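Here the structure comes first, spelled out in structure tokens, and everything after it is commentary.
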Amino acid sequence: MRISYNWLKEYVEFSLTPQQVADRLTLAGLEVEGLEYLGGGLSGVIVGRIASMRPHPDADKLTLCDVETGSEVLPIVCGAKNMKPGDRVPLALVGAKLPDGTKIKKAALRGQTSLGMLCSERELGLAKESNGLLILPEEAQVGEDIVKALGLDDWALEVNVTANRPDCLSHVGIAREVATLIRKPLRLPETAVKETGEAVRNLVAVEVEDAELCPRYAGRVIKGIKVGPSPSWMRTRLQAAGVRSINNVVDVTNYVLMELGHPLHAFDYDLLEDRKIIVRSAAEGEAFTTLDGVERRLSDGMLLICDGARPVALAGVMGGQNSEVTDGTKDIFIESAYFDPGSVRRTSKKVGLHTEASHRFERGADPEGLIAALDRAAYLIEELAGGKVATGRVDEYPNPVMMPVVEVRVDRINGVLGAELDKSEMADILERLQMVVTDAGNGAFTVQAPTFRPDITREADVVEEVARIYGYGKIKSALPQYAMTPRTPDRTREASRTVKEALRSIGYNEAINYSFINPADLDRFMLPEDDFRRRFITLQNPLTAEQSVMRTTLLPSLMGNLAWNYSRGVRDLKLFEISKVFISEGPGLPDEPLRVAGIAYGARDFGSVLDGKEKDVDYFDTKGAVEMLLDRLGVDGASCKPAADIPFMHPGKSAWLMVGGRDAGFLGQAHPDLVSAYDLPVDVYLFELDLQSLIGLCGREPKYAPLPKYPAVDRDVALILGEDVPSSSVVRTIESLKLDIIEDIRLFDYYAGRPIPDGKKSLAYTIDYRAANRTLTDEEVNAVHAIVVAALRDKLGAEVREQ
């Protein structure tokens with residue numbers, strides 16, 4: 001909103017500089033984004049008077065003018081044709097610099113000397129286009145600086161008015177703020193209309209069919225006007241506000257808009273059929289041509305202003321070509337109405353028209369202020385265009401708008417602001433803002449805002465008003481009080497972070513999938529009908545058919561990730577995901593256990609080569625990943641038992657993970673039929689664990705251990721065992737001996753086939769021996785190692801394989 005500094009001073013008396021006004025408004029919540037001096041770039045331009053004119057002897061399009069400056073007469077060569085002797089015009093003297101950068105020099109045009117230039121509005125930077133010179137009013141004094149003559153000795157304040165403050169979209173609205181801030185009275189413009197015409201009820205009838213979208217509609221009739229140019233003072237003020245002058249009638253409606261903030265519209269009264277105004281909703285597809293000459297197709301719910309036969313305006317947005325005021329207009333009907341903000345906003349968006357009127361209506365105009373705007377316009381038109389104002393006005397207002405009464409607590413205001421204002425100070429601020437304040441007792445009062453403040457509807461709004469007028473700078477700064485409380489560790493979050501770090505450290509990448517899957521995926525996994533993973537939740541409004549149920553296992557999503565990557569040439573991949581699954585338990589909310597799942601295929605270490613060839617991921621890599629994960633979580637006592645009953649897992653290469661005697665998940669190779677269902681020609685290894693249960697079993701706390709001072713001694717042993725003896729039995733057997741110097745047991749080789757007998761397998765281990773207080777001798781290590789081998793023979797029937 002562009003606000004003229006000089007115009008502002010008409011409504012409130014002050015001595016503040018433009019910068020001080022900008023600062024005070026900004027501190028009160030109305031940000032002034034910029035200041036512009038309107039007379040900038042016009043030095044050296046004065047008012048000249050054309051004393052005489054004659055044709056240029058050598059150029060038909062040029063005229064020789066003798067122009068009075070007040071002290072001398074200068075010869076000027078001019079190309080315009082709209083002037084005559086006696087006219088007062090802008091004269092740029094030699095040495096003057098115009099806003100577009102043109103510097104005036106003494107020139108010879110076709111042999112004739114020109115000591116300056118006569119200027120148009122475009123050359124003065126007052127308009128983008130102009131036809132001929134700017135003809136100044138007769139009262140302009142010859143020799144006067146053009147800046148003063150045109151009223152350009154003024155500043156424009158660019159105020160960024162927020163959407164909740166429609167009352168500040170005008171000069172009077174901003175003046176009201178300034179008056180409140182500096183404790184000065186507000187002077188409102190003259191609105192006393194001389195009604196000398198016949199009764200308005202005999203001239204026009206108004207019918208509002210949709211009172212919800214148009215709660216109030218008022219108007220006046222003025223007959224016998226003369227449309228013509230506006231006086232210079234009005235054109236200058238409109239220019240300062242960024243509005244182009246059109247004619248005195250249209251300019252008055254724009255002037256009142258910028259002055260009081262309420263949109264008006266003038267119709268050519270003689271073009272209104274049946275001298276009737278009907279306010280109704282548009283029909284779907286109804287056509288209407290607006291003032292800009294564009295035919296627009298309307299939709300149901302848009303509001304129209306119609307005469308007795310057709311639409312004449314799009315309510316709150318723009319008038320129509322069929323009733324616009326022209327130079328031949330003699331009688332006018334002025335509309336001043338209040339339209340529903342939401343309706344205007346929707347209409348403006350749909351038809352692609354954002355006007356000064358719609359900008360104000362869609363933010364909330366003042367239903368009580370429209371009469372003052374209507375009378376102000378009638379007063380100015382009568383003064384500038386003549387005519388007789390009809391007696392009375394039409395005013396359809398069946399349901400007056402009432403602002404809510406808000407109860408406010410003194411302690412609440414002081415508590416929010418950190419101030420110590422008493423009730424009388426608060427009341428004074430609010431009354432200066434023209435609010436009605438009533439004492440409610442018990443340290444409270446009620447506030448009713450005027451209708452031009454639709455944003456004051458609750459206690460917090462009143463608190464803000466007190467704060468900004470009292471002054472944010474007066475409120476002392478204080479750090480907020482905050483009680484420091486120890487953070488309660490979130491075991492689930494910490495365990496999830498531990499799992500992620502563990503799996504990333506061995507080459508797994510995290511996947512994040514939607515929690516929805518295709519129910520057909522469960523068929524690919526060959527799950528029987530009574531499997532708990534088929535107790536899924538069906539979405540009522542799925543994104544797609546392929547995402548229509550909540551997943552009960554993480555593996556379908558990961559298998560889909562593998563298939564997508566493999567089809568695009570990714571031949572080595574390890575992925576994991578941590579997320580909840582959703583298992584229906586009947587009516588009510590589902591069970592939502594937290595799971596972690598991993599899946600892998602291709603090279604064990606991407607790019608690595610062992611024994612002259614790449615080594616692919618196998619069952620033991622997957623088992624090792626799970627064991628490391630458990631170790632990081634501090635879960636002890638885990639073991640694996642063969643699993644042949646998981647329908648989507650390889651019956652001979654899969655296992656249940658048992659922790660504390662309970663099933664905590666499974667791991668191993670995917671069933672060939674499952675892999676084939678996803679068109680994967682590779683072996684896939686996977687695991688899925690009940691992370692929620694594992695978190696509850698995390699009991700081992702990490703302990704500090706110093707680096708060993710003495711060296712370790714290792715011994716390898718290769719054992720021939722029955723196929724059904726798991727490696728874990730070997731480890732548990734050795735650990736059961738409770739030999740202090742055994743530090744670690746590691747499986748490093750598995751072999752089956754010749755020369756190992758049928759039904760047997762070979763497992764090779766490295767056993768590390770170390771004492772905490774001495775260096776072990778070979779004799780000590782050999783003796784303990786012999787005890788280990790003997791125990792394996794006795795308990796597991798193991799045979800030592802000769803090297």
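Identifiers in this document derive from the order of the structure tokens: chains are assigned A, B, ..., residues are numbered from 1 separately in each chain, and ligands are numbered from 1 in order of occurrence.
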For Ala502 in chain A, please output as a list in words all residues within 9 Å (counting only C-alpha atoms; exclusion window: fewer than 5 positions along the same chain).
-> Arg497, Tyr508, Ala625, Met628, Leu629 and Arg632 of chain A
Export N, CA, C and O atoms of the chosen residues as a tab-separated table (two decimals), in the first residue's frame?
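This went into out-v7.tsv:
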```tsv
chain	number	residue	atom	x	y	z
A	497	ARG	N	19.43	-47.32	16.65
A	497	ARG	CA	20.65	-46.68	16.18
A	497	ARG	C	21.82	-47.67	16.21
A	497	ARG	O	22.64	-47.72	15.28
A	508	TYR	N	25.83	-53.20	4.70
A	508	TYR	CA	24.40	-53.10	4.43
A	508	TYR	C	23.98	-51.63	4.29
A	508	TYR	O	24.47	-50.76	5.02
A	625	ALA	N	26.20	-61.78	10.40
A	625	ALA	CA	25.61	-60.45	10.54
A	625	ALA	C	24.66	-60.40	11.73
A	625	ALA	O	24.65	-59.45	12.52
A	628	MET	N	26.67	-60.56	15.03
A	628	MET	CA	27.28	-59.27	15.36
A	628	MET	C	26.24	-58.29	15.87
A	628	MET	O	26.46	-57.53	16.81
A	629	LEU	N	25.06	-58.31	15.24
A	629	LEU	CA	23.98	-57.42	15.67
A	629	LEU	C	23.61	-57.72	17.12
A	629	LEU	O	23.44	-56.80	17.94
A	632	ARG	N	26.31	-56.43	19.48
A	632	ARG	CA	26.24	-54.98	19.68
A	632	ARG	C	25.11	-54.59	20.62
A	632	ARG	O	25.20	-53.62	21.37
```
Near range 297-308 of chain A, within 9 Å and counting only C-alpha atoms, which residues show up once chain neighbours fewer than 4 positions away are dropped, as a ChimeraX atom specification?
-> /A:210,213-214,271-289,312-316,319,339,343-344,346-347,350-351
Once DSSP has gone over the backbone, tell me which residues of range 79-196 of chain A are in strand (DSSP E), as a ChimeraX atom specification.
-> /A:88-92,107-109,112-114,117-118,155-160,195-196
Please produce an output containing N, CA and C atoms for each residue in the selection, written as a PDB file, in the first residue's frame.
```pdb
ATOM      1  N   ARG A  88       0.093  26.830 -19.721  1.00  0.00           N
ATOM      2  CA  ARG A  88       1.220  26.637 -18.809  1.00  0.00           C
ATOM      3  C   ARG A  88       1.680  25.176 -18.935  1.00  0.00           C
ATOM      4  N   VAL A  89       2.957  24.979 -19.162  1.00  0.00           N
ATOM      5  CA  VAL A  89       3.514  23.649 -19.445  1.00  0.00           C
ATOM      6  C   VAL A  89       4.822  23.469 -18.687  1.00  0.00           C
ATOM      7  N   PRO A  90       5.226  22.203 -18.428  1.00  0.00           N
ATOM      8  CA  PRO A  90       6.527  21.949 -17.796  1.00  0.00           C
ATOM      9  C   PRO A  90       7.652  22.297 -18.773  1.00  0.00           C
ATOM     10  N   LEU A  91       8.624  23.067 -18.306  1.00  0.00           N
ATOM     11  CA  LEU A  91       9.764  23.474 -19.126  1.00  0.00           C
ATOM     12  C   LEU A  91      11.045  22.996 -18.459  1.00  0.00           C
ATOM     13  N   ALA A  92      11.759  22.094 -19.151  1.00  0.00           N
ATOM     14  CA  ALA A  92      13.062  21.635 -18.669  1.00  0.00           C
ATOM     15  C   ALA A  92      14.124  22.559 -19.236  1.00  0.00           C
ATOM     16  N   ALA A 107      20.336  23.121 -28.122  1.00  0.00           N
ATOM     17  CA  ALA A 107      20.343  22.346 -29.374  1.00  0.00           C
ATOM     18  C   ALA A 107      19.865  23.210 -30.534  1.00  0.00           C
ATOM     19  N   ALA A 108      20.247  22.772 -31.742  1.00  0.00           N
ATOM     20  CA  ALA A 108      19.779  23.399 -32.985  1.00  0.00           C
ATOM     21  C   ALA A 108      19.011  22.342 -33.763  1.00  0.00           C
ATOM     22  N   LEU A 109      17.699  22.554 -33.943  1.00  0.00           N
ATOM     23  CA  LEU A 109      16.860  21.575 -34.623  1.00  0.00           C
ATOM     24  C   LEU A 109      16.420  22.154 -35.966  1.00  0.00           C
ATOM     25  N   GLN A 112      17.075  25.827 -36.106  1.00  0.00           N
ATOM     26  CA  GLN A 112      16.440  26.712 -35.121  1.00  0.00           C
ATOM     27  C   GLN A 112      16.964  26.351 -33.724  1.00  0.00           C
ATOM     28  N   THR A 113      17.337  27.368 -32.946  1.00  0.00           N
ATOM     29  CA  THR A 113      17.886  27.166 -31.610  1.00  0.00           C
ATOM     30  C   THR A 113      16.766  26.822 -30.626  1.00  0.00           C
ATOM     31  N   SER A 114      17.064  25.843 -29.764  1.00  0.00           N
ATOM     32  CA  SER A 114      16.118  25.440 -28.707  1.00  0.00           C
ATOM     33  C   SER A 114      16.858  25.449 -27.381  1.00  0.00           C
ATOM     34  N   MET A 117      13.334  22.129 -23.198  1.00  0.00           N
ATOM     35  CA  MET A 117      12.382  21.163 -23.751  1.00  0.00           C
ATOM     36  C   MET A 117      11.072  21.250 -22.980  1.00  0.00           C
ATOM     37  N   LEU A 118       9.971  21.276 -23.702  1.00  0.00           N
ATOM     38  CA  LEU A 118       8.647  21.180 -23.087  1.00  0.00           C
ATOM     39  C   LEU A 118       8.323  19.704 -22.882  1.00  0.00           C
ATOM     40  N   TRP A 155       6.527  12.458  -0.066  1.00  0.00           N
ATOM     41  CA  TRP A 155       7.148  11.138   0.088  1.00  0.00           C
ATOM     42  C   TRP A 155       6.066  10.063   0.012  1.00  0.00           C
ATOM     43  N   ALA A 156       6.396   8.955  -0.596  1.00  0.00           N
ATOM     44  CA  ALA A 156       5.498   7.792  -0.619  1.00  0.00           C
ATOM     45  C   ALA A 156       6.080   6.723   0.298  1.00  0.00           C
ATOM     46  N   LEU A 157       5.247   6.245   1.230  1.00  0.00           N
ATOM     47  CA  LEU A 157       5.644   5.165   2.137  1.00  0.00           C
ATOM     48  C   LEU A 157       5.060   3.865   1.606  1.00  0.00           C
ATOM     49  N   GLU A 158       5.893   2.890   1.371  1.00  0.00           N
ATOM     50  CA  GLU A 158       5.438   1.575   0.897  1.00  0.00           C
ATOM     51  C   GLU A 158       5.203   0.703   2.125  1.00  0.00           C
ATOM     52  N   VAL A 159       3.918   0.573   2.512  1.00  0.00           N
ATOM     53  CA  VAL A 159       3.571  -0.144   3.742  1.00  0.00           C
ATOM     54  C   VAL A 159       3.138  -1.562   3.395  1.00  0.00           C
ATOM     55  N   ASN A 160       3.777  -2.530   4.029  1.00  0.00           N
ATOM     56  CA  ASN A 160       3.419  -3.937   3.842  1.00  0.00           C
ATOM     57  C   ASN A 160       2.317  -4.278   4.846  1.00  0.00           C
ATOM     58  N   GLU A 195     -28.177  17.155  -0.750  1.00  0.00           N
ATOM     59  CA  GLU A 195     -29.163  16.362  -1.483  1.00  0.00           C
ATOM     60  C   GLU A 195     -30.217  17.304  -2.083  1.00  0.00           C
ATOM     61  N   THR A 196     -30.100  17.554  -3.379  1.00  0.00           N
ATOM     62  CA  THR A 196     -31.011  18.492  -4.046  1.00  0.00           C
ATOM     63  C   THR A 196     -31.864  17.830  -5.111  1.00  0.00           C
TER      64      THR A 196
END
```
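In this model, the gap between CA of Thr733 in chain A and CA of Leu792 in chain A comes to 6.9 Å.
What separates CA of Ala718 in chain A from CA of Asp616 in chain A is a distance of 23.9 Å.
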So which residues touch Ile46 in chain A within 12 Å, counting only C-alpha atoms, skipping near sequence neighbours fewer than 3 positions away, as JSON, numbers by chain?
-> {"A": [42, 43, 49, 67, 68, 69, 70, 71, 88, 89, 90, 91, 92, 93, 94, 96, 116, 117, 118, 119, 124, 136, 140, 141, 142, 143, 144, 145, 146, 147, 148, 149, 150]}
Write out as a PyMOL selection string all residues of range 437-602 of chain A that DSSP puts in helix (DSSP H, G or I) for this structure's backbone.
-> chain A and resi 459-470+472-474+491-505+519-524+532-534+545-547+555-566
Keeping only C-alpha atoms, write the selected residues to a file as a PDB file, in the first residue's frame.
```pdb
ATOM      1  CA  GLU A 459      -8.055 -12.507  24.029  1.00  0.00           C
ATOM      2  CA  ALA A 460      -4.720 -13.069  22.269  1.00  0.00           C
ATOM      3  CA  ASP A 461      -5.689 -10.445  19.651  1.00  0.00           C
ATOM      4  CA  VAL A 462      -6.293  -7.867  22.381  1.00  0.00           C
ATOM      5  CA  VAL A 463      -2.960  -8.732  24.015  1.00  0.00           C
ATOM      6  CA  GLU A 464      -1.223  -8.036  20.698  1.00  0.00           C
ATOM      7  CA  GLU A 465      -2.943  -4.642  20.364  1.00  0.00           C
ATOM      8  CA  VAL A 466      -1.859  -3.586  23.846  1.00  0.00           C
ATOM      9  CA  ALA A 467       1.703  -4.753  23.168  1.00  0.00           C
ATOM     10  CA  ARG A 468       2.223  -2.968  19.865  1.00  0.00           C
ATOM     11  CA  ILE A 469       0.751   0.372  20.999  1.00  0.00           C
ATOM     12  CA  TYR A 470       2.447   0.258  24.405  1.00  0.00           C
ATOM     13  CA  TYR A 472       7.668  -3.592  22.114  1.00  0.00           C
ATOM     14  CA  GLY A 473      10.785  -1.601  22.964  1.00  0.00           C
ATOM     15  CA  LYS A 474       9.429  -0.893  26.456  1.00  0.00           C
ATOM     16  CA  ARG A 491      15.802 -47.771  24.651  1.00  0.00           C
ATOM     17  CA  THR A 492      14.027 -48.367  21.358  1.00  0.00           C
ATOM     18  CA  ARG A 493      15.676 -45.411  19.652  1.00  0.00           C
ATOM     19  CA  GLU A 494      19.109 -46.241  21.024  1.00  0.00           C
ATOM     20  CA  ALA A 495      18.791 -49.913  20.051  1.00  0.00           C
ATOM     21  CA  SER A 496      17.659 -48.968  16.532  1.00  0.00           C
ATOM     22  CA  ARG A 497      20.653 -46.676  16.178  1.00  0.00           C
ATOM     23  CA  THR A 498      22.959 -49.477  17.362  1.00  0.00           C
ATOM     24  CA  VAL A 499      21.491 -51.923  14.849  1.00  0.00           C
ATOM     25  CA  LYS A 500      21.833 -49.426  12.001  1.00  0.00           C
ATOM     26  CA  GLU A 501      25.468 -48.733  12.831  1.00  0.00           C
ATOM     27  CA  ALA A 502      26.235 -52.448  13.098  1.00  0.00           C
ATOM     28  CA  LEU A 503      24.700 -53.377   9.754  1.00  0.00           C
ATOM     29  CA  ARG A 504      26.190 -50.378   7.950  1.00  0.00           C
ATOM     30  CA  SER A 505      29.625 -51.363   9.218  1.00  0.00           C
ATOM     31  CA  PRO A 519      -1.641 -58.625  -0.771  1.00  0.00           C
ATOM     32  CA  ALA A 520      -0.447 -60.663  -3.764  1.00  0.00           C
ATOM     33  CA  ASP A 521       3.080 -60.403  -2.304  1.00  0.00           C
ATOM     34  CA  LEU A 522       2.006 -62.760   0.481  1.00  0.00           C
ATOM     35  CA  ASP A 523       1.057 -65.305  -2.164  1.00  0.00           C
ATOM     36  CA  ARG A 524       4.561 -65.048  -3.610  1.00  0.00           C
ATOM     37  CA  PHE A 532      -0.325 -64.792  11.213  1.00  0.00           C
ATOM     38  CA  ARG A 533       1.255 -62.703   8.446  1.00  0.00           C
ATOM     39  CA  ARG A 534      -2.033 -62.883   6.543  1.00  0.00           C
ATOM     40  CA  ALA A 545      -3.879 -51.389  -5.682  1.00  0.00           C
ATOM     41  CA  GLU A 546      -0.244 -52.424  -5.139  1.00  0.00           C
ATOM     42  CA  GLN A 547      -0.261 -50.596  -1.775  1.00  0.00           C
ATOM     43  CA  LEU A 555      10.550 -58.894   3.531  1.00  0.00           C
ATOM     44  CA  PRO A 556       8.168 -58.259   0.580  1.00  0.00           C
ATOM     45  CA  SER A 557       9.313 -54.637   0.431  1.00  0.00           C
ATOM     46  CA  LEU A 558      12.986 -55.649   0.526  1.00  0.00           C
ATOM     47  CA  MET A 559      12.485 -58.368  -2.099  1.00  0.00           C
ATOM     48  CA  GLY A 560      10.876 -55.713  -4.307  1.00  0.00           C
ATOM     49  CA  ASN A 561      13.921 -53.480  -3.748  1.00  0.00           C
ATOM     50  CA  LEU A 562      16.266 -56.321  -4.781  1.00  0.00           C
ATOM     51  CA  ALA A 563      14.272 -57.120  -7.908  1.00  0.00           C
ATOM     52  CA  TRP A 564      14.165 -53.438  -8.928  1.00  0.00           C
ATOM     53  CA  ASN A 565      17.940 -53.056  -8.487  1.00  0.00           C
ATOM     54  CA  TYR A 566      18.821 -56.360 -10.174  1.00  0.00           C
TER      55      TYR A 566
END
```
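Relative to CA of Val12 in chain A, CA of Glu31 in chain A is found at 19.7 Å.
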Hey, what's within 8 Å of range 655-665 of chain A if we count only C-alpha atoms and toss same-chain stuff fewer than 6 positions away? As an MDAnalysis selection string, please?
-> chainID A and resid 636:644 687:690 693:694
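Among A:Val32, A:Val437, A:Leu594, A:Val789, the residue with the shortest atom-to-atom distance to Ile695 in chain A, counting only C-alpha atoms, is A:Leu594.
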Restrict the calculation to only C-alpha atoms, then for each residue of range 236-288 of chain A with any atom at most 10 Å from an atom of range 218-223 of chain A give the closest atom pair and their distance in Å to one decimal, rows by chain and rising residue number, as CSV.
```
residue,atom,partner,partner_atom,distance
A:Leu264,CA,A:Gly219,CA,9.4
A:His265,CA,A:Gly219,CA,9.5
A:Ala266,CA,A:Gly219,CA,9.5
A:Phe267,CA,A:Val221,CA,9.6
A:Asp268,CA,A:Val221,CA,9.9
A:Tyr269,CA,A:Val221,CA,7.7
A:Asp270,CA,A:Lys223,CA,9.8
A:Ile277,CA,A:Gly219,CA,9.8
```
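For Val684 in chain A, the set of protein, DNA and RNA residues having any atom at most 7 Å away, when counting only C-alpha atoms and skipping those fewer than 3 positions along the same chain, is Ala600, Tyr601, Gln669 and Ala670 of chain A.
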What's the 8 Å shell around Pro647 in chain A, counting only C-alpha atoms, without same-chain residues fewer than 6 positions away, as a ChimeraX atom specification?
-> /A:525-527,671
